[in-house]
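One file, work-v5.txt, carrying compact mmCIF, C-alpha atoms:
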# COMPACT_ATOMS: atom_id res chain seq x y z
CA MET A 155 217.81 78.29 86.15
CA VAL A 156 216.86 74.64 86.59
CA ARG A 157 214.70 75.50 89.60
CA ARG A 158 213.02 78.32 87.70
CA ALA A 159 212.30 76.03 84.74
CA LEU A 160 210.71 73.43 87.03
CA VAL A 161 208.56 76.05 88.70
CA LEU A 162 207.43 77.42 85.34
CA ALA A 163 206.64 73.95 84.02
CA ALA A 164 204.57 73.17 87.10
CA ALA A 165 202.73 76.45 86.77
CA PHE A 166 201.92 75.78 83.15
CA ALA A 167 200.70 72.28 83.90
CA ALA A 168 198.44 73.70 86.60
CA ALA A 169 197.13 76.35 84.22
CA LEU A 170 196.25 73.70 81.67
CA THR A 171 194.27 71.60 84.15
CA PRO A 172 190.82 72.77 83.03
CA VAL A 173 190.98 71.36 79.48
CA THR A 174 187.22 70.92 79.60
CA CYS A 175 186.70 70.18 75.90
CA LEU A 176 188.42 66.82 76.38
CA GLY A 177 187.66 66.09 80.01
CA GLU A 178 191.17 64.71 80.47
CA SER A 179 192.45 67.06 83.18
CA SER A 180 193.86 64.18 85.25
CA LYS A 181 196.24 63.06 82.52
CA PRO A 182 199.85 64.30 82.52
CA LEU A 183 200.93 66.55 79.69
CA PRO A 184 202.16 64.54 76.69
CA ALA A 185 205.72 65.00 75.44
CA LYS A 186 204.51 66.81 72.32
CA ALA A 187 203.14 69.63 74.53
CA THR A 188 206.33 70.09 76.55
CA GLN A 189 209.04 69.76 73.92
CA GLU A 190 211.65 72.50 73.59
CA LEU A 191 211.71 74.91 70.68
CA PRO A 192 214.04 73.85 67.84
CA ALA A 193 217.61 75.06 68.17
CA GLU A 194 217.37 77.23 65.06
CA LEU A 195 214.29 79.00 66.43
CA LEU A 196 216.00 79.59 69.77
CA ALA A 197 218.93 81.09 67.87
CA LEU A 198 216.52 83.33 65.95
CA LEU A 199 215.02 84.56 69.23
CA GLU A 200 218.46 85.45 70.49
CA GLN A 201 219.32 87.19 67.24
CA LYS A 202 216.15 89.29 67.36
CA LYS A 203 216.59 90.05 71.09
CA MET A 204 213.35 88.32 72.00
CA PRO A 205 213.34 86.68 75.44
CA LYS A 206 212.19 83.08 75.28
CA TYR A 207 209.28 83.69 77.67
CA SER A 208 208.16 87.07 76.31
CA PRO A 209 204.56 87.59 75.02
CA ILE A 210 203.46 86.78 71.48
CA VAL A 211 200.79 87.96 69.03
CA VAL A 212 199.50 85.60 66.32
CA ARG A 213 198.24 87.00 63.01
CA LEU A 214 196.21 84.98 60.48
CA PHE A 215 195.65 85.91 56.85
CA LYS A 216 193.23 83.72 54.91
CA GLU A 217 193.77 84.79 51.31
CA GLU A 218 197.56 84.59 51.61
CA ALA A 219 197.18 81.42 53.73
CA GLU A 220 199.82 82.59 56.19
CA LEU A 221 200.15 82.62 59.97
CA GLU A 222 202.58 85.08 61.52
CA VAL A 223 204.03 85.00 65.02
CA TRP A 224 205.18 88.31 66.47
CA LYS A 225 207.10 88.35 69.75
CA GLN A 226 207.96 91.05 72.25
CA ASP A 227 211.60 92.10 72.25
CA THR A 228 213.70 93.49 75.10
CA ALA A 229 212.48 97.01 74.25
CA GLY A 230 208.87 95.97 74.90
CA ARG A 231 207.74 96.12 71.26
CA PHE A 232 206.30 93.28 69.22
CA GLN A 233 208.52 92.40 66.28
CA PHE A 234 207.95 89.92 63.50
CA LEU A 235 209.40 86.50 64.31
CA LYS A 236 208.28 83.96 61.71
CA THR A 237 205.70 83.18 59.00
CA TYR A 238 204.10 79.73 58.84
CA PRO A 239 202.24 78.84 55.60
CA ILE A 240 198.72 77.65 56.46
CA CYS A 241 198.12 74.11 55.26
CA ARG A 242 194.30 74.39 55.11
CA TRP A 243 191.52 76.79 56.02
CA SER A 244 187.85 76.31 55.15
CA GLY A 245 184.91 78.40 54.05
CA ASP A 246 185.33 81.67 52.18
CA LEU A 247 186.62 85.14 52.95
CA GLY A 248 184.39 86.65 55.63
CA PRO A 249 183.55 86.13 59.31
CA LYS A 250 182.00 83.05 60.85
CA LEU A 251 178.26 83.59 61.35
CA TYR A 252 176.69 80.34 62.51
CA GLU A 253 177.36 76.73 63.35
CA GLY A 254 177.96 74.61 60.26
CA ASP A 255 178.85 77.40 57.82
CA ARG A 256 182.41 76.04 57.57
CA GLN A 257 183.79 79.54 58.04
CA ALA A 258 187.12 80.06 59.80
CA PRO A 259 186.63 83.03 62.16
CA GLU A 260 187.83 86.58 61.52
CA GLY A 261 188.32 89.12 64.28
CA PHE A 262 190.35 89.75 67.43
CA TYR A 263 190.54 86.81 69.83
CA THR A 264 192.11 86.19 73.23
CA VAL A 265 193.72 82.83 74.01
CA THR A 266 194.17 81.81 77.66
CA PRO A 267 195.97 78.68 78.98
CA GLU A 268 192.76 76.65 79.28
CA LEU A 269 192.24 77.05 75.52
CA MET A 270 195.51 75.22 74.83
CA ASN A 271 194.75 71.55 74.15
CA PRO A 272 197.78 69.27 74.58
CA ASN A 273 195.72 66.11 73.96
CA SER A 274 194.22 66.99 70.61
CA ASN A 275 193.57 64.27 68.06
CA PHE A 276 194.90 66.78 65.57
CA HIS A 277 198.33 66.64 67.20
CA LEU A 278 198.04 69.89 69.22
CA SER A 279 195.41 72.60 69.11
CA ILE A 280 194.79 76.16 70.25
CA ASN A 281 191.16 77.23 70.67
CA LEU A 282 190.63 80.75 69.31
CA GLY A 283 187.90 81.49 71.85
CA TYR A 284 185.13 81.94 69.27
CA PRO A 285 182.57 83.41 69.82
CA ASN A 286 184.10 86.48 71.48
CA LYS A 287 182.14 89.47 72.83
CA PHE A 288 181.75 90.96 69.36
CA ASP A 289 180.49 87.68 67.89
CA ARG A 290 177.99 87.14 70.70
CA ALA A 291 176.72 90.74 70.46
CA ASN A 292 176.04 90.09 66.77
CA LYS A 293 174.31 86.77 67.53
CA ARG A 294 176.96 84.63 65.86
CA ASP A 295 177.44 81.10 67.11
CA GLY A 296 179.79 78.16 66.82
CA SER A 297 182.48 76.82 69.13
CA PHE A 298 185.82 75.04 69.37
CA LEU A 299 187.32 76.82 66.37
CA MET A 300 191.01 76.00 66.43
CA ILE A 301 194.48 76.42 65.13
CA HIS A 302 195.61 72.79 65.01
CA GLY A 303 197.69 70.23 63.15
CA ASP A 304 196.91 67.46 60.66
CA CYS A 305 196.13 69.77 57.70
CA TRP A 306 192.34 69.12 57.82
CA SER A 307 189.84 71.92 58.39
CA SER A 308 186.13 72.61 58.76
CA GLY A 309 186.07 76.05 60.28
CA CYS A 310 189.61 75.89 61.66
CA TYR A 311 193.08 77.03 60.63
CA ALA A 312 194.98 73.79 60.05
CA MET A 313 198.76 73.56 60.07
CA THR A 314 201.12 70.63 59.70
CA ASP A 315 202.04 68.79 62.89
CA GLU A 316 205.56 70.20 62.76
CA GLN A 317 204.25 73.74 62.45
CA ILE A 318 201.70 73.49 65.26
CA SER A 319 204.40 72.04 67.52
CA GLU A 320 206.44 75.24 67.16
CA ILE A 321 203.44 77.56 67.42
CA TYR A 322 202.13 75.71 70.47
CA SER A 323 205.54 75.86 72.15
CA LEU A 324 205.85 79.60 71.50
CA ALA A 325 202.39 80.14 73.00
CA ARG A 326 203.18 77.90 75.97
CA ASP A 327 206.42 79.75 76.69
CA SER A 328 204.61 83.10 76.57
CA PHE A 329 202.34 81.86 79.37
CA LEU A 330 205.37 80.63 81.31
CA GLY A 331 206.66 84.20 81.17
CA GLY A 332 203.67 85.34 83.20
CA ARG A 333 201.29 86.64 80.54
CA PRO A 334 197.72 85.42 81.21
CA SER A 335 196.75 85.45 77.51
CA PHE A 336 197.87 86.26 73.99
CA GLN A 337 196.04 87.91 71.12
CA VAL A 338 195.09 86.37 67.78
CA GLN A 339 194.30 88.77 64.92
CA ALA A 340 192.42 86.84 62.22
CA CYS A 341 192.01 88.71 58.92
CA PRO A 342 190.60 87.85 55.49
CA PHE A 343 193.85 89.09 53.88
CA ARG A 344 196.58 91.60 54.62
CA LEU A 345 194.59 94.78 55.13
CA THR A 346 196.36 96.91 52.55
CA PRO A 347 194.72 99.54 50.32
CA ALA A 348 195.34 97.28 47.32
CA ASN A 349 193.53 94.31 48.86
CA LEU A 350 190.65 96.43 50.12
CA ALA A 351 190.28 97.99 46.68
CA ARG A 352 190.18 94.54 45.06
CA HIS A 353 187.46 93.46 47.48
CA ARG A 354 185.50 96.74 47.35
CA ASN A 355 182.29 95.01 46.19
CA ASN A 356 182.25 92.46 48.99
CA PRO A 357 179.44 92.98 51.55
CA ASN A 358 181.99 92.26 54.31
CA LEU A 359 184.01 95.34 53.36
CA SER A 360 182.90 97.56 56.25
CA PHE A 361 183.60 94.75 58.73
CA TRP A 362 187.08 94.35 57.28
CA LYS A 363 187.72 98.09 57.44
CA MET A 364 186.76 98.01 61.10
CA LEU A 365 189.33 95.25 61.64
CA LYS A 366 191.83 97.48 59.86
CA ILE A 367 191.60 100.04 62.67
CA GLY A 368 193.05 97.51 65.12
CA ASN A 369 195.48 96.30 62.47
CA ASP A 370 196.78 99.86 62.00
CA HIS A 371 197.14 100.39 65.74
CA PHE A 372 199.31 97.28 65.94
CA GLU A 373 201.39 97.95 62.86
CA THR A 374 202.14 101.59 63.71
CA THR A 375 203.03 101.03 67.38
CA GLN A 376 204.17 97.36 67.58
CA LEU A 377 202.00 97.17 70.71
CA GLU A 378 199.14 94.76 71.25
CA PRO A 379 195.93 96.79 70.82
CA ARG A 380 193.48 96.80 73.67
CA VAL A 381 190.16 95.50 72.33
CA ASP A 382 186.71 96.45 73.62
CA VAL A 383 183.25 96.01 72.12
CA CYS A 384 180.27 98.37 72.24
CA ASN A 385 177.32 99.08 69.95
CA ARG A 386 178.19 95.72 68.35
CA ARG A 387 181.47 97.18 67.08
CA TYR A 388 185.14 96.69 67.90
CA VAL A 389 186.82 99.61 69.70
CA PHE A 390 190.61 99.77 70.00
CA ASP A 391 192.83 101.39 72.64
CA ALA A 392 190.01 103.37 74.22
CA GLN A 393 190.54 105.35 77.40
CA PRO A 394 188.35 107.72 79.46
CA PRO A 395 188.10 111.34 78.26
CA PRO A 396 190.19 113.87 80.22
CA ASN A 397 188.81 114.59 83.70
CA SER A 398 186.32 111.74 83.42
CA PRO A 399 184.89 110.99 86.88
CA SER A 400 184.41 107.27 86.28
CA PRO A 401 186.16 104.39 84.50
CA LEU A 402 185.02 103.20 81.10
CA VAL A 403 182.43 100.45 81.01
CA PHE A 404 181.73 98.82 77.66
CA ASN A 405 178.60 96.80 77.00
CA PRO A 406 178.98 94.89 73.71
CA ALA A 407 175.35 95.30 72.67
CA GLU A 408 174.73 98.84 73.95
CA LYS A 409 175.70 102.36 72.97
CA CYS A 410 179.37 103.23 73.42
CA PRO A 411 180.27 105.44 76.38
CA PRO A 412 182.25 108.64 75.69
CA PHE A 413 185.90 107.70 75.15
CA VAL A 414 189.07 108.87 73.49
CA VAL A 415 191.90 106.90 71.95
CA ASN A 416 195.38 107.09 73.42
CA PRO A 417 196.69 110.20 71.59
CA GLN A 418 200.11 108.72 70.82
CA ILE A 419 198.46 105.70 69.19
CA ALA A 420 195.81 107.81 67.46
CA ARG A 421 198.35 110.12 65.84
CA ARG A 422 200.37 107.28 64.35
CA ALA A 423 197.25 105.45 63.16
CA LEU A 424 195.88 108.67 61.65
CA GLU A 425 199.03 109.17 59.59
CA LYS A 426 198.75 105.64 58.23
CA ARG A 427 195.01 106.04 57.61
CA ARG A 428 195.51 109.19 55.55
CA ALA A 429 198.23 107.60 53.42
CA ASP A 430 196.12 104.48 52.89
CA GLU A 431 193.04 106.55 52.00
CA LEU A 432 194.98 108.31 49.25
CA GLU A 433 196.27 105.02 47.86
CA TYR A 434 192.80 103.45 48.07
CA ALA A 435 191.26 106.40 46.19
CA ARG A 436 193.96 106.20 43.51
CA LEU A 437 193.31 102.50 42.98
CA LEU A 438 189.57 103.11 42.61
CA GLU A 439 190.24 105.89 40.14
CA ASP A 440 192.43 103.49 38.17
CA ASN A 441 189.56 101.00 38.29
CA VAL A 442 191.69 98.17 39.65
CA PRO A 443 189.94 94.84 38.88
CA ALA A 444 187.54 93.73 41.61
CA ALA A 445 187.80 90.25 43.11
CA PRO A 446 184.78 87.93 42.90
CA ILE A 447 182.54 88.12 45.95
CA TYR A 448 182.31 84.34 46.18
CA SER A 449 185.20 82.13 45.17
CA GLY A 450 183.24 78.91 44.68
CA LEU A 451 185.98 77.08 46.58
CA ASP A 452 185.80 75.71 50.09
CA GLY A 453 188.69 77.56 51.70
CA GLY A 454 192.28 77.46 50.61
CA MET A 455 195.83 76.40 51.35
CA ASN A 456 199.23 77.96 50.91
CA LYS A 457 200.76 77.14 47.53
CA ALA A 458 203.65 75.51 49.39
CA PHE A 459 201.32 72.55 50.15
CA LEU A 460 199.49 72.17 46.84
CA ALA A 461 201.72 69.37 45.56
CA GLN A 462 201.95 67.65 48.95
CA PHE A 463 198.18 67.61 49.59
CA PRO A 464 196.41 67.57 46.20
CA GLY A 465 192.63 67.69 46.17
CA ARG A 466 192.11 69.11 49.66
CA VAL A 467 190.68 72.41 48.39
CA MET A 468 187.41 71.56 46.66
CA LEU A 469 184.35 73.24 45.23
CA ALA A 470 182.19 74.54 48.05
CA LYS A 471 179.30 72.39 49.20
CA VAL A 472 177.41 75.34 50.70
CA MET A 473 175.90 78.40 49.05
CA PRO A 474 177.45 81.82 49.67
CA TYR A 475 175.83 83.61 52.59
CA ALA A 476 176.99 87.11 51.65
CA SER A 477 173.52 88.19 50.52
CA TYR A 478 172.03 88.02 54.01
CA LEU A 479 174.73 89.56 56.18
CA PRO A 480 173.17 91.59 59.01
CA GLN A 481 173.21 95.37 58.66
CA LEU A 482 174.61 97.01 61.76
CA PRO A 483 174.32 100.62 62.96
CA PRO A 484 177.15 103.14 62.64
CA ILE A 485 179.27 104.04 65.63
CA PRO A 486 179.40 107.70 66.77
CA TRP A 487 183.11 108.34 66.34
CA ILE A 488 184.81 110.86 68.62
CA ASP A 489 187.41 112.94 66.85
CA ASN A 490 188.42 115.89 69.00
CA ASP A 491 191.83 116.47 70.56
CA GLY A 492 193.60 113.67 68.74
CA SER A 493 191.02 111.10 69.75
CA LEU A 494 190.10 110.05 66.23
CA THR A 495 189.72 106.28 66.24
CA SER A 496 188.66 106.11 62.58
CA LYS A 497 185.85 107.33 60.38
CA TRP A 498 187.39 105.47 57.51
CA PHE A 499 185.35 103.41 55.10
CA GLY A 500 181.66 103.66 55.92
CA THR A 501 179.34 102.35 58.55
CA SER A 502 177.53 99.06 57.96
CA PHE A 503 178.64 95.44 57.68
CA SER A 504 177.77 92.78 58.00
CA LYS A 505 176.32 72.47 67.18
CA PRO A 506 179.71 72.91 68.64
CA VAL A 507 182.41 71.87 66.22
CA VAL A 508 184.42 69.87 68.72
CA CYS A 509 187.76 69.57 66.98
CA ASP A 510 189.10 67.16 69.56
CA ALA A 511 186.45 64.50 69.80
CA ALA A 512 187.60 61.00 69.02
CA ARG A 513 188.13 60.86 65.28
CA ALA A 514 186.03 57.72 64.98
CA SER A 515 183.01 59.66 66.23
CA PHE A 516 183.69 62.72 64.10
CA PRO A 517 180.85 63.91 61.85
CA SER A 518 181.92 63.89 58.25
CA GLY A 519 183.62 67.08 57.10
CA ARG A 520 183.99 68.67 60.51
CA CYS A 521 187.08 70.30 61.91
Take the structure in this file and express it as structure tokens.
Amino acid sequence: MVRRALVLAAAFAAALTPVTCLGESSKPLPAKATQELPAELLALLEQKKMPKYSPIVVRLFKEEAELEVWKQDTAGRFQFLKTYPICRWSGDLGPKLYEGDRQAPEGFYTVTPELMNPNSNFHLSINLGYPNKFDRANKRDGSFLMIHGDCWSSGCYAMTDEQISEIYSLARDSFLGGRPSFQVQACPFRLTPANLARHRNNPNLSFWKMLKIGNDHFETTQLEPRVDVCNRRYVFDAQPPPNSPSPLVFNPAEKCPPFVVNPQIARRALEKRRADELEYARLLEDNVPAAPIYSGLDGGMNKAFLAQFPGRVMLAKVMPYASYLPQLPPIPWIDNDGSLTSKWFGTSFSKPVVCDAARASFPSGRC
């Protein structure tokens, strides 16, 4: 066991060598990046039958200001492990569109070892990998958008130092288990019929309902959804049609190739979609109050931190950008033989922020 631990530690250190955003690849890993998980969290892993080095999925919910870690158990399914209240996120509900809009990203992101920053000036940080293929296909820009410590944010998801230490260690250990990456699912809120009904007037609604397809795949299977992008849209768990002579090739900005969704996943997601559609329709019929499109606040924080960090959520200094969201084309859904991905909810939707530069040289208000 000791030998295996040393080998894994060496492998992780090697994987973290290209920390290009800091240019400090020659420095040894600091103690904060190699510390063991707390004893109570190790006990929780054992209780939930989650191997220490098994893969993780991270889920972010802006409106609730919560970060969830899900971890693969011995049966190969992702189960809920722990919720961390988010200390600070910036911007408003909605995706990040351009550099300087102060928006924390929304979407499906892939974190690899080189995106883990052990030398962050915000204790520790995990780069989300924004912009991803979807963002680039939709001409969205920005960079170095992080989950980090220190409870300050300008486009990032900021935790306390204690929280990011645990989250970073869980991510590190998932790499030590052999996984080359882990998925981050960043959402405006929990994608329930009630929340979607409340936000039915928001111009981001169709984008959020597209995210819900991947959300439903994950929640109904407890498996990490495979994410592709074509026609400037997310596609989840796609596979070639039966008897297809060639593998699927997705071009983010071009028309989607013919594909089907794994039937076992599609059936479960379809059941959830139908139930959610009925609930959504009932809420609209009851005329549930609609949330304001623009909050007027710059981001938010979990209520657990309001007393500890008063004054960190302020009136926004930028105007809402919802009125000029780009209109995107519909995707030609395929819905034969159990291949329904989703037709739900309509068709259109909508320089580098270097979080780890020396704080003395940081532009005012940046992450």
Could you check how far atom CA of A:Ser208 sits from atom CA of A:Lys225, in Å to one decimal? 6.8 Å
Interatomic distance between atom CA of A:Asp452 and atom CA of A:Trp243? 8.3 Å
Which one is closest to A:Cys384: A:Lys287, A:Lys293, A:Arg427, A:Arg352? Count all atoms listed in the file.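 For A:Cys384, the nearest of the candidates is A:Lys287.
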Just the residues within 7 Å of A:Tyr207, please, counting all atoms listed in the file, with nothing from its chain fewer than 5 positions along; format it as a PDB file with C-alpha atoms, in the frame of the given file.
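And here's result_37.pdb as it stands now:
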ATOM      1  CA  ASP A 327     206.420  79.750  76.690  1.00  0.00           C
ATOM      2  CA  SER A 328     204.610  83.100  76.570  1.00  0.00           C
ATOM      3  CA  LEU A 330     205.370  80.630  81.310  1.00  0.00           C
ATOM      4  CA  GLY A 331     206.660  84.200  81.170  1.00  0.00           C
TER       5      GLY A 331
END
Of the residues A:Pro267, A:Pro399, A:Pro394, A:Pro192, which is the one nearest to A:Pro412, using only C-alpha atoms?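 Of all the options, A:Pro394 lies closest to A:Pro412.
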So that I can see what lies close to A:Ile419, please list as a VMD selection string the residues with an atom at most 12 Å from it, counting only C-alpha atoms and leaving out residues fewer than 3 positions away in the same chain. chain A and resid 367 to 380 390 to 393 414 to 416 422 to 426 492 to 496
Find, counting all atoms listed in the file, the residue in A:Lys186, A:Lys236, A:Lys363, A:Arg387 that gets nearest to A:Cys410.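 The answer is A:Arg387, which sits nearest to A:Cys410.
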Looking at A:Asn356, A:Thr264, A:Gln226, A:Gln462, which one is nearest to A:Gly248, with distances taken over all atoms listed in the file? A:Asn356
Provide the atom CA of A:Tyr434 to atom CA of A:Ala348 distance in Å, to one decimal place.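 Separating atom CA of A:Tyr434 from atom CA of A:Ala348 is a distance of 6.7 Å.
When only C-alpha atoms are used to measure the gap to A:Arg256, the shortest distance among A:Met313, A:Ala340, A:Leu299, A:Leu198 belongs to A:Leu299.
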Choose the residue, out of A:Pro347, A:Pro417, A:Pro401, A:Gly245, that has the smallest atom-to-atom separation from A:Val442; count all atoms listed in the file.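 Ranked by minimum distance to A:Val442, first place goes to A:Pro347.
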